[in-house]
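Reproduced below: entry.pdb, with PDB, N, CA and C atoms, pLDDT in the B column.
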```pdb
ATOM      1  N   MET A  23      -8.770 -24.663 -25.023  1.00 62.00           N
ATOM      2  CA  MET A  23      -9.077 -23.263 -25.231  1.00 62.00           C
ATOM      3  C   MET A  23      -8.168 -22.402 -24.354  1.00 62.00           C
ATOM      4  N   VAL A  24      -7.642 -21.358 -24.915  1.00 62.00           N
ATOM      5  CA  VAL A  24      -6.748 -20.456 -24.201  1.00 62.00           C
ATOM      6  C   VAL A  24      -7.570 -19.350 -23.551  1.00 62.00           C
ATOM      7  N   ALA A  25      -7.310 -19.107 -22.275  1.00 66.00           N
ATOM      8  CA  ALA A  25      -8.023 -18.053 -21.548  1.00 66.00           C
ATOM      9  C   ALA A  25      -7.523 -16.692 -21.981  1.00 66.00           C
ATOM     10  N   LYS A  26      -8.444 -15.743 -22.072  1.00 74.00           N
ATOM     11  CA  LYS A  26      -8.076 -14.363 -22.407  1.00 74.00           C
ATOM     12  C   LYS A  26      -7.735 -13.621 -21.120  1.00 74.00           C
ATOM     13  N   TRP A  27      -6.739 -12.771 -21.197  1.00 76.00           N
ATOM     14  CA  TRP A  27      -6.378 -11.925 -20.065  1.00 76.00           C
ATOM     15  C   TRP A  27      -7.307 -10.738 -20.055  1.00 76.00           C
ATOM     16  N   LYS A  28      -7.821 -10.420 -18.902  1.00 81.00           N
ATOM     17  CA  LYS A  28      -8.676  -9.244 -18.760  1.00 81.00           C
ATOM     18  C   LYS A  28      -7.880  -8.154 -18.072  1.00 81.00           C
ATOM     19  N   ASN A  29      -8.024  -6.963 -18.557  1.00 91.00           N
ATOM     20  CA  ASN A  29      -7.400  -5.811 -17.912  1.00 91.00           C
ATOM     21  C   ASN A  29      -8.478  -5.060 -17.151  1.00 91.00           C
ATOM     22  N   TYR A  30      -8.327  -5.028 -15.847  1.00 95.00           N
ATOM     23  CA  TYR A  30      -9.277  -4.324 -15.003  1.00 95.00           C
ATOM     24  C   TYR A  30      -8.728  -2.946 -14.674  1.00 95.00           C
ATOM     25  N   PRO A  31      -9.593  -1.943 -14.639  1.00 95.00           N
ATOM     26  CA  PRO A  31      -9.132  -0.597 -14.268  1.00 95.00           C
ATOM     27  C   PRO A  31      -8.581  -0.578 -12.845  1.00 95.00           C
ATOM     28  N   ALA A  32      -7.598   0.287 -12.624  1.00 95.00           N
ATOM     29  CA  ALA A  32      -6.967   0.401 -11.301  1.00 95.00           C
ATOM     30  C   ALA A  32      -8.003   0.735 -10.227  1.00 95.00           C
ATOM     31  N   GLU A  33      -8.988   1.547 -10.556  1.00 97.00           N
ATOM     32  CA  GLU A  33     -10.011   1.916  -9.579  1.00 97.00           C
ATOM     33  C   GLU A  33     -10.837   0.694  -9.159  1.00 97.00           C
ATOM     34  N   PHE A  34     -11.143  -0.184 -10.107  1.00 97.00           N
ATOM     35  CA  PHE A  34     -11.877  -1.413  -9.791  1.00 97.00           C
ATOM     36  C   PHE A  34     -11.070  -2.293  -8.846  1.00 97.00           C
ATOM     37  N   LYS A  35      -9.769  -2.407  -9.115  1.00 96.00           N
ATOM     38  CA  LYS A  35      -8.891  -3.211  -8.257  1.00 96.00           C
ATOM     39  C   LYS A  35      -8.847  -2.645  -6.844  1.00 96.00           C
ATOM     40  N   ARG A  36      -8.667  -1.324  -6.740  1.00 96.00           N
ATOM     41  CA  ARG A  36      -8.623  -0.677  -5.419  1.00 96.00           C
ATOM     42  C   ARG A  36      -9.933  -0.885  -4.670  1.00 96.00           C
ATOM     43  N   ASP A  37     -11.051  -0.716  -5.374  1.00 97.00           N
ATOM     44  CA  ASP A  37     -12.359  -0.890  -4.740  1.00 97.00           C
ATOM     45  C   ASP A  37     -12.553  -2.332  -4.278  1.00 97.00           C
ATOM     46  N   ALA A  38     -12.082  -3.285  -5.069  1.00 97.00           N
ATOM     47  CA  ALA A  38     -12.204  -4.700  -4.693  1.00 97.00           C
ATOM     48  C   ALA A  38     -11.391  -4.987  -3.435  1.00 97.00           C
ATOM     49  N   VAL A  39     -10.180  -4.464  -3.368  1.00 96.00           N
ATOM     50  CA  VAL A  39      -9.321  -4.670  -2.193  1.00 96.00           C
ATOM     51  C   VAL A  39      -9.947  -3.989  -0.979  1.00 96.00           C
ATOM     52  N   ASP A  40     -10.476  -2.793  -1.151  1.00 96.00           N
ATOM     53  CA  ASP A  40     -11.148  -2.099  -0.042  1.00 96.00           C
ATOM     54  C   ASP A  40     -12.346  -2.902   0.450  1.00 96.00           C
ATOM     55  N   LEU A  41     -13.072  -3.523  -0.481  1.00 97.00           N
ATOM     56  CA  LEU A  41     -14.220  -4.343  -0.099  1.00 97.00           C
ATOM     57  C   LEU A  41     -13.784  -5.538   0.735  1.00 97.00           C
ATOM     58  N   VAL A  42     -12.679  -6.165   0.355  1.00 96.00           N
ATOM     59  CA  VAL A  42     -12.151  -7.301   1.127  1.00 96.00           C
ATOM     60  C   VAL A  42     -11.778  -6.844   2.527  1.00 96.00           C
ATOM     61  N   ARG A  43     -11.098  -5.730   2.626  1.00 95.00           N
ATOM     62  CA  ARG A  43     -10.644  -5.241   3.932  1.00 95.00           C
ATOM     63  C   ARG A  43     -11.796  -4.847   4.844  1.00 95.00           C
ATOM     64  N   SER A  44     -12.882  -4.358   4.257  1.00 96.00           N
ATOM     65  CA  SER A  44     -14.009  -3.900   5.071  1.00 96.00           C
ATOM     66  C   SER A  44     -15.050  -4.991   5.325  1.00 96.00           C
ATOM     67  N   SER A  45     -14.960  -6.110   4.635  1.00 93.00           N
ATOM     68  CA  SER A  45     -15.945  -7.191   4.768  1.00 93.00           C
ATOM     69  C   SER A  45     -15.391  -8.302   5.642  1.00 93.00           C
ATOM     70  N   LYS A  46     -15.596  -8.186   6.928  1.00 91.00           N
ATOM     71  CA  LYS A  46     -15.068  -9.182   7.864  1.00 91.00           C
ATOM     72  C   LYS A  46     -15.931 -10.445   7.880  1.00 91.00           C
ATOM     73  N   ASP A  47     -17.194 -10.363   7.449  1.00 95.00           N
ATOM     74  CA  ASP A  47     -18.091 -11.510   7.526  1.00 95.00           C
ATOM     75  C   ASP A  47     -18.233 -12.265   6.197  1.00 95.00           C
ATOM     76  N   ARG A  48     -17.490 -11.855   5.164  1.00 96.00           N
ATOM     77  CA  ARG A  48     -17.565 -12.521   3.856  1.00 96.00           C
ATOM     78  C   ARG A  48     -16.203 -13.095   3.490  1.00 96.00           C
ATOM     79  N   THR A  49     -16.208 -14.231   2.826  1.00 96.00           N
ATOM     80  CA  THR A  49     -14.961 -14.859   2.410  1.00 96.00           C
ATOM     81  C   THR A  49     -14.485 -14.251   1.095  1.00 96.00           C
ATOM     82  N   LEU A  50     -13.211 -14.473   0.796  1.00 96.00           N
ATOM     83  CA  LEU A  50     -12.674 -14.023  -0.490  1.00 96.00           C
ATOM     84  C   LEU A  50     -13.448 -14.643  -1.643  1.00 96.00           C
ATOM     85  N   THR A  51     -13.806 -15.905  -1.492  1.00 97.00           N
ATOM     86  CA  THR A  51     -14.550 -16.600  -2.544  1.00 97.00           C
ATOM     87  C   THR A  51     -15.881 -15.905  -2.813  1.00 97.00           C
ATOM     88  N   GLU A  52     -16.594 -15.547  -1.760  1.00 97.00           N
ATOM     89  CA  GLU A  52     -17.881 -14.866  -1.919  1.00 97.00           C
ATOM     90  C   GLU A  52     -17.715 -13.512  -2.598  1.00 97.00           C
ATOM     91  N   ILE A  53     -16.702 -12.776  -2.185  1.00 97.00           N
ATOM     92  CA  ILE A  53     -16.480 -11.447  -2.764  1.00 97.00           C
ATOM     93  C   ILE A  53     -16.078 -11.562  -4.221  1.00 97.00           C
ATOM     94  N   ALA A  54     -15.156 -12.477  -4.526  1.00 98.00           N
ATOM     95  CA  ALA A  54     -14.731 -12.666  -5.916  1.00 98.00           C
ATOM     96  C   ALA A  54     -15.917 -13.035  -6.790  1.00 98.00           C
ATOM     97  N   ARG A  55     -16.730 -13.957  -6.322  1.00 97.00           N
ATOM     98  CA  ARG A  55     -17.897 -14.386  -7.083  1.00 97.00           C
ATOM     99  C   ARG A  55     -18.856 -13.222  -7.309  1.00 97.00           C
ATOM    100  N   SER A  56     -19.074 -12.400  -6.283  1.00 97.00           N
ATOM    101  CA  SER A  56     -20.003 -11.270  -6.421  1.00 97.00           C
ATOM    102  C   SER A  56     -19.482 -10.219  -7.396  1.00 97.00           C
ATOM    103  N   LEU A  57     -18.146 -10.125  -7.511  1.00 97.00           N
ATOM    104  CA  LEU A  57     -17.546  -9.160  -8.439  1.00 97.00           C
ATOM    105  C   LEU A  57     -17.363  -9.741  -9.842  1.00 97.00           C
ATOM    106  N   GLY A  58     -17.544 -11.049  -9.973  1.00 96.00           N
ATOM    107  CA  GLY A  58     -17.392 -11.695 -11.274  1.00 96.00           C
ATOM    108  C   GLY A  58     -15.944 -11.878 -11.691  1.00 96.00           C
ATOM    109  N   ILE A  59     -15.063 -12.049 -10.687  1.00 97.00           N
ATOM    110  CA  ILE A  59     -13.642 -12.258 -10.987  1.00 97.00           C
ATOM    111  C   ILE A  59     -13.181 -13.566 -10.352  1.00 97.00           C
ATOM    112  N   HIS A  60     -12.060 -14.061 -10.802  1.00 96.00           N
ATOM    113  CA  HIS A  60     -11.504 -15.306 -10.282  1.00 96.00           C
ATOM    114  C   HIS A  60     -10.931 -15.063  -8.887  1.00 96.00           C
ATOM    115  N   LEU A  61     -11.083 -16.056  -8.039  1.00 97.00           N
ATOM    116  CA  LEU A  61     -10.594 -15.965  -6.657  1.00 97.00           C
ATOM    117  C   LEU A  61      -9.114 -15.604  -6.601  1.00 97.00           C
ATOM    118  N   GLU A  62      -8.304 -16.258  -7.411  1.00 97.00           N
ATOM    119  CA  GLU A  62      -6.856 -16.004  -7.367  1.00 97.00           C
ATOM    120  C   GLU A  62      -6.509 -14.602  -7.851  1.00 97.00           C
ATOM    121  N   THR A  63      -7.312 -14.052  -8.733  1.00 96.00           N
ATOM    122  CA  THR A  63      -7.102 -12.665  -9.173  1.00 96.00           C
ATOM    123  C   THR A  63      -7.293 -11.723  -7.994  1.00 96.00           C
ATOM    124  N   LEU A  64      -8.374 -11.923  -7.261  1.00 97.00           N
ATOM    125  CA  LEU A  64      -8.641 -11.082  -6.093  1.00 97.00           C
ATOM    126  C   LEU A  64      -7.567 -11.272  -5.033  1.00 97.00           C
ATOM    127  N   ARG A  65      -7.167 -12.522  -4.804  1.00 97.00           N
ATOM    128  CA  ARG A  65      -6.133 -12.803  -3.804  1.00 97.00           C
ATOM    129  C   ARG A  65      -4.831 -12.077  -4.163  1.00 97.00           C
ATOM    130  N   LYS A  66      -4.490 -12.064  -5.428  1.00 97.00           N
ATOM    131  CA  LYS A  66      -3.275 -11.372  -5.895  1.00 97.00           C
ATOM    132  C   LYS A  66      -3.385  -9.867  -5.645  1.00 97.00           C
ATOM    133  N   TRP A  67      -4.533  -9.297  -5.952  1.00 97.00           N
ATOM    134  CA  TRP A  67      -4.715  -7.861  -5.734  1.00 97.00           C
ATOM    135  C   TRP A  67      -4.592  -7.509  -4.252  1.00 97.00           C
ATOM    136  N   VAL A  68      -5.157  -8.337  -3.383  1.00 97.00           N
ATOM    137  CA  VAL A  68      -5.074  -8.082  -1.938  1.00 97.00           C
ATOM    138  C   VAL A  68      -3.619  -8.154  -1.486  1.00 97.00           C
ATOM    139  N   HIS A  69      -2.899  -9.160  -1.964  1.00 96.00           N
ATOM    140  CA  HIS A  69      -1.484  -9.314  -1.606  1.00 96.00           C
ATOM    141  C   HIS A  69      -0.677  -8.108  -2.087  1.00 96.00           C
ATOM    142  N   GLU A  70      -0.919  -7.677  -3.324  1.00 94.00           N
ATOM    143  CA  GLU A  70      -0.207  -6.511  -3.862  1.00 94.00           C
ATOM    144  C   GLU A  70      -0.567  -5.255  -3.079  1.00 94.00           C
ATOM    145  N   GLY A  71      -1.811  -5.134  -2.663  1.00 91.00           N
ATOM    146  CA  GLY A  71      -2.233  -3.981  -1.872  1.00 91.00           C
ATOM    147  C   GLY A  71      -1.542  -3.929  -0.527  1.00 91.00           C
ATOM    148  N   LYS A  72      -1.378  -5.103   0.105  1.00 90.00           N
ATOM    149  CA  LYS A  72      -0.662  -5.155   1.385  1.00 90.00           C
ATOM    150  C   LYS A  72       0.797  -4.761   1.204  1.00 90.00           C
ATOM    151  N   ALA A  73       1.405  -5.238   0.130  1.00 89.00           N
ATOM    152  CA  ALA A  73       2.813  -4.913  -0.128  1.00 89.00           C
ATOM    153  C   ALA A  73       2.984  -3.420  -0.352  1.00 89.00           C
ATOM    154  N   ARG A  74       2.064  -2.804  -1.093  1.00 86.00           N
ATOM    155  CA  ARG A  74       2.141  -1.359  -1.340  1.00 86.00           C
ATOM    156  C   ARG A  74       1.954  -0.579  -0.051  1.00 86.00           C
ATOM    157  N   THR A  75       1.024  -1.021   0.775  1.00 84.00           N
ATOM    158  CA  THR A  75       0.765  -0.339   2.046  1.00 84.00           C
ATOM    159  C   THR A  75       1.986  -0.421   2.955  1.00 84.00           C
ATOM    160  N   GLN A  76       2.602  -1.593   3.028  1.00 84.00           N
ATOM    161  CA  GLN A  76       3.790  -1.745   3.872  1.00 84.00           C
ATOM    162  C   GLN A  76       4.938  -0.895   3.347  1.00 84.00           C
ATOM    163  N   ALA A  77       5.110  -0.831   2.035  1.00 87.00           N
ATOM    164  CA  ALA A  77       6.179  -0.013   1.457  1.00 87.00           C
ATOM    165  C   ALA A  77       5.940   1.465   1.759  1.00 87.00           C
ATOM    166  N   ALA A  78       4.681   1.892   1.673  1.00 85.00           N
ATOM    167  CA  ALA A  78       4.350   3.292   1.944  1.00 85.00           C
ATOM    168  C   ALA A  78       4.534   3.623   3.417  1.00 85.00           C
ATOM    169  N   ASP A  79       4.359   2.619   4.271  1.00 80.00           N
ATOM    170  CA  ASP A  79       4.516   2.820   5.718  1.00 80.00           C
ATOM    171  C   ASP A  79       5.959   2.630   6.167  1.00 80.00           C
ATOM    172  N   GLY A  80       6.865   2.457   5.252  1.00 79.00           N
ATOM    173  CA  GLY A  80       8.263   2.269   5.619  1.00 79.00           C
ATOM    174  C   GLY A  80       8.551   0.862   6.090  1.00 79.00           C
ATOM    175  N   GLY A  81       7.918  -0.106   5.457  1.00 68.00           N
ATOM    176  CA  GLY A  81       8.191  -1.494   5.805  1.00 68.00           C
ATOM    177  C   GLY A  81       7.246  -2.075   6.826  1.00 68.00           C
ATOM    178  N   GLY A  82       6.134  -1.409   7.078  1.00 55.00           N
ATOM    179  CA  GLY A  82       5.144  -1.961   7.990  1.00 55.00           C
ATOM    180  C   GLY A  82       5.339  -1.577   9.437  1.00 55.00           C
ATOM    181  N   ASN A  83       6.246  -0.655   9.743  1.00 56.00           N
ATOM    182  CA  ASN A  83       6.494  -0.236  11.124  1.00 56.00           C
ATOM    183  C   ASN A  83       5.916   1.146  11.397  1.00 56.00           C
ATOM    184  N   ALA A  84       4.789   1.453  10.758  1.00 51.00           N
ATOM    185  CA  ALA A  84       4.201   2.785  10.896  1.00 51.00           C
ATOM    186  C   ALA A  84       3.880   3.082  12.357  1.00 51.00           C
ATOM    187  N   GLY A  85       4.211   4.262  12.777  1.00 53.00           N
ATOM    188  CA  GLY A  85       3.885   4.709  14.121  1.00 53.00           C
ATOM    189  C   GLY A  85       4.867   4.268  15.184  1.00 53.00           C
ATOM    190  N   MET A  86       5.870   3.520  14.824  1.00 53.00           N
ATOM    191  CA  MET A  86       6.857   3.064  15.811  1.00 53.00           C
ATOM    192  C   MET A  86       8.024   4.045  15.855  1.00 53.00           C
ATOM    193  N   THR A  87       8.571   4.183  17.008  1.00 54.00           N
ATOM    194  CA  THR A  87       9.752   5.026  17.162  1.00 54.00           C
ATOM    195  C   THR A  87      10.959   4.276  16.615  1.00 54.00           C
ATOM    196  N   PRO A  88      12.065   4.949  16.347  1.00 54.00           N
ATOM    197  CA  PRO A  88      13.260   4.234  15.894  1.00 54.00           C
ATOM    198  C   PRO A  88      13.672   3.136  16.866  1.00 54.00           C
ATOM    199  N   THR A  89      13.492   3.379  18.166  1.00 53.00           N
ATOM    200  CA  THR A  89      13.817   2.359  19.161  1.00 53.00           C
ATOM    201  C   THR A  89      12.882   1.173  19.007  1.00 53.00           C
ATOM    202  N   GLY A  90      11.599   1.445  18.793  1.00 49.00           N
ATOM    203  CA  GLY A  90      10.621   0.377  18.607  1.00 49.00           C
ATOM    204  C   GLY A  90      10.920  -0.452  17.378  1.00 49.00           C
ATOM    205  N   LYS A  91      11.405   0.177  16.327  1.00 49.00           N
ATOM    206  CA  LYS A  91      11.745  -0.547  15.109  1.00 49.00           C
ATOM    207  C   LYS A  91      12.897  -1.506  15.375  1.00 49.00           C
ATOM    208  N   LYS A  92      13.895  -1.031  16.143  1.00 48.00           N
ATOM    209  CA  LYS A  92      15.028  -1.896  16.447  1.00 48.00           C
ATOM    210  C   LYS A  92      14.583  -3.108  17.249  1.00 48.00           C
ATOM    211  N   SER A  93      13.762  -2.883  18.252  1.00 46.00           N
ATOM    212  CA  SER A  93      13.373  -4.002  19.108  1.00 46.00           C
ATOM    213  C   SER A  93      12.467  -4.981  18.368  1.00 46.00           C
ATOM    214  N   SER A  94      11.629  -4.502  17.438  1.00 48.00           N
ATOM    215  CA  SER A  94      10.754  -5.423  16.722  1.00 48.00           C
ATOM    216  C   SER A  94      11.521  -6.257  15.719  1.00 48.00           C
ATOM    217  N   SER A  95      12.615  -5.741  15.186  1.00 49.00           N
ATOM    218  CA  SER A  95      13.388  -6.523  14.229  1.00 49.00           C
ATOM    219  C   SER A  95      14.256  -7.557  14.923  1.00 49.00           C
ATOM    220  N   ALA A  96      14.512  -7.364  16.209  1.00 51.00           N
ATOM    221  CA  ALA A  96      15.343  -8.305  16.950  1.00 51.00           C
ATOM    222  C   ALA A  96      14.552  -9.534  17.387  1.00 51.00           C
ATOM    223  N   VAL A  97      13.224  -9.450  17.310  1.00 48.00           N
ATOM    224  CA  VAL A  97      12.368 -10.558  17.752  1.00 48.00           C
ATOM    225  C   VAL A  97      12.389 -11.692  16.784  1.00 48.00           C
TER
END
```
Would you mind giving the structure from this file in structure tokens?
Amino acid sequence: MVAKWKNYPAEFKRDAVDLVRSSKDRTLTEIARSLGIHLETLRKWVHEGKARTQAADGGGNAGMTPTGKKSSSAV
């Protein structure tokens, strides 16, 4: 049997990622199960959310001075 692709609304995805970030005492598996989605789907959304956040922050160096950026890249 071929699995059907589900299209989830962007707001649902954002809310799911926010739930993961705010739930320090629950595992991804528990959250995915409670939302009725596959674990790997949720994991992908979290990964994509981190990538978007880092891109919006200029590569993940938010709040660092230009000097701080240079020294952190040299490490």
Notebook entry, point to check: Got a sec: who's within 7 Å of stretch 56-71 of chain A, counting all atoms listed in the file, leaving out chain neighbours fewer than 6 positions off, as a list in words?
Noted result: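 Near stretch 56-71 of chain A, the qualifying residues are Lys35, Val39 and Leu50 of chain A.
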Kindly export the residues of the current selection with N, CA and C atoms, as a PDB file, keeping the file's coordinate frame.
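This went into result37.pdb:
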```pdb
ATOM      1  N   LYS A  35      -9.769  -2.407  -9.115  1.00 96.00           N
ATOM      2  CA  LYS A  35      -8.891  -3.211  -8.257  1.00 96.00           C
ATOM      3  C   LYS A  35      -8.847  -2.645  -6.844  1.00 96.00           C
ATOM      4  N   VAL A  39     -10.180  -4.464  -3.368  1.00 96.00           N
ATOM      5  CA  VAL A  39      -9.321  -4.670  -2.193  1.00 96.00           C
ATOM      6  C   VAL A  39      -9.947  -3.989  -0.979  1.00 96.00           C
ATOM      7  N   LEU A  50     -13.211 -14.473   0.796  1.00 96.00           N
ATOM      8  CA  LEU A  50     -12.674 -14.023  -0.490  1.00 96.00           C
ATOM      9  C   LEU A  50     -13.448 -14.643  -1.643  1.00 96.00           C
TER      10      LEU A  50
END
```
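Between atom N of A:Lys72 and atom N of A:Arg43 there is a distance of 10.1 Å.
Between atom N of A:Ala38 and atom C of A:Ala78 the separation is 19.9 Å.
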Notebook entry, point to check: What separation in Å, quoted to one decimal, exists between atom C of A:Lys26 and atom C of A:Glu52?
Noted result: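 Spanning atom C of A:Lys26 to atom C of A:Glu52 is a straight-line distance of 21.0 Å.
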